[in-house]
Amino acid sequence: MDALEHTVSDLLTFDRVCFGYNGSGTVKDLSFQIKRGEFVAIIGSNGAGKSTVSKLMRGLLRPDSGKVLMDGTDISTVKVSALASKIGFLFQNPDRQLCRSTVREELLFSLEYALPDFSKGEALCKNILQALALNGEDDITCMSRGERQRVALASALVAEPELLVLDEPTTGLDYSECTCIMEYIRTRNRMGVTVVMVCHDMEIVLDYASRVIVMDNGRILDTGRP
């Protein structure tokens, strides 16, 4: 396959990306593009490589070969912390993401690396607290799973990134918690944030995604409308 040509409308480009583990999750010669403003779901069986792709997007993993381009820039040349202002990432398990005692401390910690001008930090923190109905003084360790997931989402979005990458955002949530999180994500998408979501729940995919990428055994089988 020839190298993909990056265009102005492309926010993210995978160009012949390969990455290997000893077990499942290996990806092989992946080439695809994510347009600005899209809401893309990545689906497939366990071990298909979906979560690996999401971590490659955020720079948490670096390709063995090929390139991941954000706005035409190879993200392997950029520090992971420097990507925080452009790419928000939500882990499947919020407890792998949260590391501070209170909600406000968690949000301000996320902003330390994302903001060149930290004077805007308090205002951004206040905005996201109001949007997700969170109390900045609440103790994270006393929260339910759904509440912690909202805090993790807030920390991913507080710096107002261009791209939001979600790894199974609704796992372990009840219907009400799931709806709360997904409706807010859709709102941010309609405001211009590009969303890429790894998801096993086909009802969620059908309700929210505008495009689907189907993976199997580390490769893309097909892509199209849900």
# chains A, B, ... in the order shown; residues from 1 in each chain; ligands from 1
>>> residues_around(residues="A:Phe32", least_positions_apart="6", cutoff="7 Å", atoms="only C-alpha atoms", output="ChimeraX atom specification")
/A:13-15
>>> residues_around(residues="A:Thr26", least_positions_apart="5", cutoff="8 Å", atoms="only C-alpha atoms", output="list in words")
Cys18, Phe19, Gly20, Tyr21, Gly47, Ala48, Gly49, Thr52, Asn217 and Gly218 of chain A
>>> select_by_dssp(residues="stretch 19-71 of chain A", states="strand (DSSP E)", output="number ranges by chain")
A: 19, 27-35, 39-44, 65-70
>>> residues_around(residues="A:Cys180", least_positions_apart="2", cutoff="12 Å", atoms="only C-alpha atoms", output="list in words")
Ala131, Leu132, Ala133, Gly146, Glu147, Gln149, Arg150, Leu153, Pro169, Thr170, Leu173, Asp174, Tyr175, Ser176, Glu177, Cys178, Met182, Glu183, Tyr184, Ile185, Arg186 and Thr187 of chain A
>>> write_last_selection(atoms="C-alpha atoms", output="mmCIF file, in the first residue's frame")
data_model
loop_
_atom_site.group_PDB
_atom_site.id
_atom_site.type_symbol
_atom_site.label_atom_id
_atom_site.label_comp_id
_atom_site.auth_asym_id
_atom_site.auth_seq_id
_atom_site.Cartn_x
_atom_site.Cartn_y
_atom_site.Cartn_z
ATOM 1 C CA ALA A 131 -20.375 20.775 32.709
ATOM 2 C CA LEU A 132 -20.072 17.321 34.315
ATOM 3 C CA ALA A 133 -21.814 18.227 37.594
ATOM 4 C CA GLY A 146 -19.494 5.940 37.445
ATOM 5 C CA GLU A 147 -18.460 9.079 39.332
ATOM 6 C CA GLN A 149 -15.297 7.650 35.272
ATOM 7 C CA ARG A 150 -16.778 11.161 35.035
ATOM 8 C CA LEU A 153 -13.383 12.082 31.489
ATOM 9 C CA PRO A 169 -15.673 4.367 28.105
ATOM 10 C CA THR A 170 -18.890 2.658 29.295
ATOM 11 C CA LEU A 173 -21.424 1.659 34.128
ATOM 12 C CA ASP A 174 -25.174 1.395 34.588
ATOM 13 C CA TYR A 175 -27.588 2.836 32.012
ATOM 14 C CA SER A 176 -27.878 6.249 33.681
ATOM 15 C CA GLU A 177 -24.099 6.646 34.103
ATOM 16 C CA CYS A 178 -23.493 5.499 30.542
ATOM 17 C CA MET A 182 -21.971 9.533 26.236
ATOM 18 C CA GLU A 183 -24.300 12.522 25.883
ATOM 19 C CA TYR A 184 -21.585 14.842 27.139
ATOM 20 C CA ILE A 185 -19.079 13.299 24.717
ATOM 21 C CA ARG A 186 -21.573 13.824 21.877
ATOM 22 C CA THR A 187 -22.006 17.450 22.935
#
>>> residues_around(residues="A:Leu115", least_positions_apart="3", cutoff="12 Å", atoms="only C-alpha atoms", output="VMD selection string")
chain A and resid 81 to 86 107 to 112 118 to 122 124 to 125 158 to 161
>>> select_by_dssp(residues="stretch 27-165 of chain A", states="alpha helix (DSSP H)", output="PyMOL selection string")
chain A and resi 50-58+103-114+121-131+145-157
>>> write_last_selection(atoms="C-alpha atoms", output="JSON list (two decimals), in the first residue's frame")
[["chain", "number", "residue", "atom", "x", "y", "z"],
["A", 50, "LYS", "CA", -8.22, -1.97, 19.27],
["A", 51, "SER", "CA", -6.71, -0.79, 22.56],
["A", 52, "THR", "CA", -3.24, -0.92, 21.04],
["A", 53, "VAL", "CA", -4.41, 1.47, 18.32],
["A", 54, "SER", "CA", -5.88, 3.84, 20.93],
["A", 55, "LYS", "CA", -2.58, 3.95, 22.86],
["A", 56, "LEU", "CA", -0.62, 4.52, 19.64],
["A", 57, "MET", "CA", -2.91, 7.50, 18.93],
["A", 58, "ARG", "CA", -2.07, 9.06, 22.29],
["A", 103, "VAL", "CA", -11.45, 16.15, 41.93],
["A", 104, "ARG", "CA", -9.95, 19.64, 41.68],
["A", 105, "GLU", "CA", -6.44, 18.35, 42.39],
["A", 106, "GLU", "CA", -6.86, 15.75, 39.64],
["A", 107, "LEU", "CA", -7.96, 18.34, 37.08],
["A", 108, "LEU", "CA", -5.21, 20.79, 37.97],
["A", 109, "PHE", "CA", -2.66, 17.97, 37.76],
["A", 110, "SER", "CA", -3.87, 17.21, 34.21],
["A", 111, "LEU", "CA", -3.46, 20.87, 33.30],
["A", 112, "GLU", "CA", 0.12, 21.15, 34.58],
["A", 113, "TYR", "CA", 1.47, 19.49, 31.44],
["A", 114, "ALA", "CA", -1.20, 20.63, 29.01],
["A", 121, "GLY", "CA", -6.12, 26.64, 34.74],
["A", 122, "GLU", "CA", -8.69, 27.64, 37.36],
["A", 123, "ALA", "CA", -11.16, 28.88, 34.74],
["A", 124, "LEU", "CA", -10.88, 25.66, 32.72],
["A", 125, "CYS", "CA", -11.24, 23.62, 35.88],
["A", 126, "LYS", "CA", -14.40, 25.51, 36.87],
["A", 127, "ASN", "CA", -15.93, 25.06, 33.40],
["A", 128, "ILE", "CA", -15.50, 21.28, 33.31],
["A", 129, "LEU", "CA", -16.71, 20.86, 36.90],
["A", 130, "GLN", "CA", -19.95, 22.64, 36.01],
["A", 131, "ALA", "CA", -20.37, 20.78, 32.71],
["A", 145, "ARG", "CA", -17.29, 3.71, 39.60],
["A", 146, "GLY", "CA", -19.49, 5.94, 37.45],
["A", 147, "GLU", "CA", -18.46, 9.08, 39.33],
["A", 148, "ARG", "CA", -14.78, 8.19, 39.00],
["A", 149, "GLN", "CA", -15.30, 7.65, 35.27],
["A", 150, "ARG", "CA", -16.78, 11.16, 35.03],
["A", 151, "VAL", "CA", -13.73, 12.56, 36.84],
["A", 152, "ALA", "CA", -11.42, 10.69, 34.45],
["A", 153, "LEU", "CA", -13.38, 12.08, 31.49],
["A", 154, "ALA", "CA", -13.14, 15.56, 32.98],
["A", 155, "SER", "CA", -9.37, 15.20, 33.32],
["A", 156, "ALA", "CA", -9.15, 14.11, 29.67],
["A", 157, "LEU", "CA", -11.20, 17.10, 28.48]]
>>> residues_around(residues="A:Ile140", least_positions_apart="3", cutoff="6 Å", atoms="only C-alpha atoms", output="short mmCIF file (atom, residue, chain, number, x, y, z; two decimals) with N, CA, C and O atoms, in the first residue's frame")
data_model
loop_
_atom_site.label_atom_id
_atom_site.label_comp_id
_atom_site.auth_asym_id
_atom_site.auth_seq_id
_atom_site.Cartn_x
_atom_site.Cartn_y
_atom_site.Cartn_z
N SER A 101 -6.08 13.12 45.23
CA SER A 101 -7.09 12.85 46.26
C SER A 101 -8.45 13.45 45.95
O SER A 101 -9.48 12.80 46.10
N THR A 102 -8.47 14.72 45.50
CA THR A 102 -9.74 15.39 45.23
C THR A 102 -9.90 15.62 43.73
O THR A 102 -8.94 15.57 42.96
N MET A 143 -15.83 7.83 45.81
CA MET A 143 -16.78 7.91 44.70
C MET A 143 -17.13 6.54 44.14
O MET A 143 -16.35 5.59 44.25
#
>>> closest_residue(among="A:Val40, A:Leu163, A:Arg211, A:Thr141", to="A:Met191", atoms="only C-alpha atoms")
A:Leu163
>>> closest_residue(among="A:Thr179, A:Ser210, A:Asn189, A:Ser9", to="A:Leu164", atoms="only C-alpha atoms")
A:Asn189
>>> residues_around(residues="A:Arg36", least_positions_apart="4", cutoff="6 Å", atoms="only C-alpha atoms", output="compact mmCIF listing (two decimals) with C-alpha atoms, in the first residue's frame")
# COMPACT_ATOMS: atom_id res chain seq x y z
CA SER A 9 -9.05 17.92 6.79
CA ASP A 10 -7.14 15.00 8.33
CA LEU A 11 -6.49 15.38 12.04
CA THR A 194 -12.85 14.78 17.18
>>> atom_distance(atom1="atom CA of A:Arg62", atom2="atom CA of A:Arg96")
19.6 Å
>>> closest_residue(among="A:Ala41, A:Lys67, A:Lys79, A:Gly72", to="A:Asp207", atoms="only C-alpha atoms")
A:Ala41
>>> residues_around(residues="A:Ile42", least_positions_apart="6", cutoff="8 Å", atoms="only C-alpha atoms", output="MDAnalysis selection string")
chainID A and resid 50 196:199 212:215
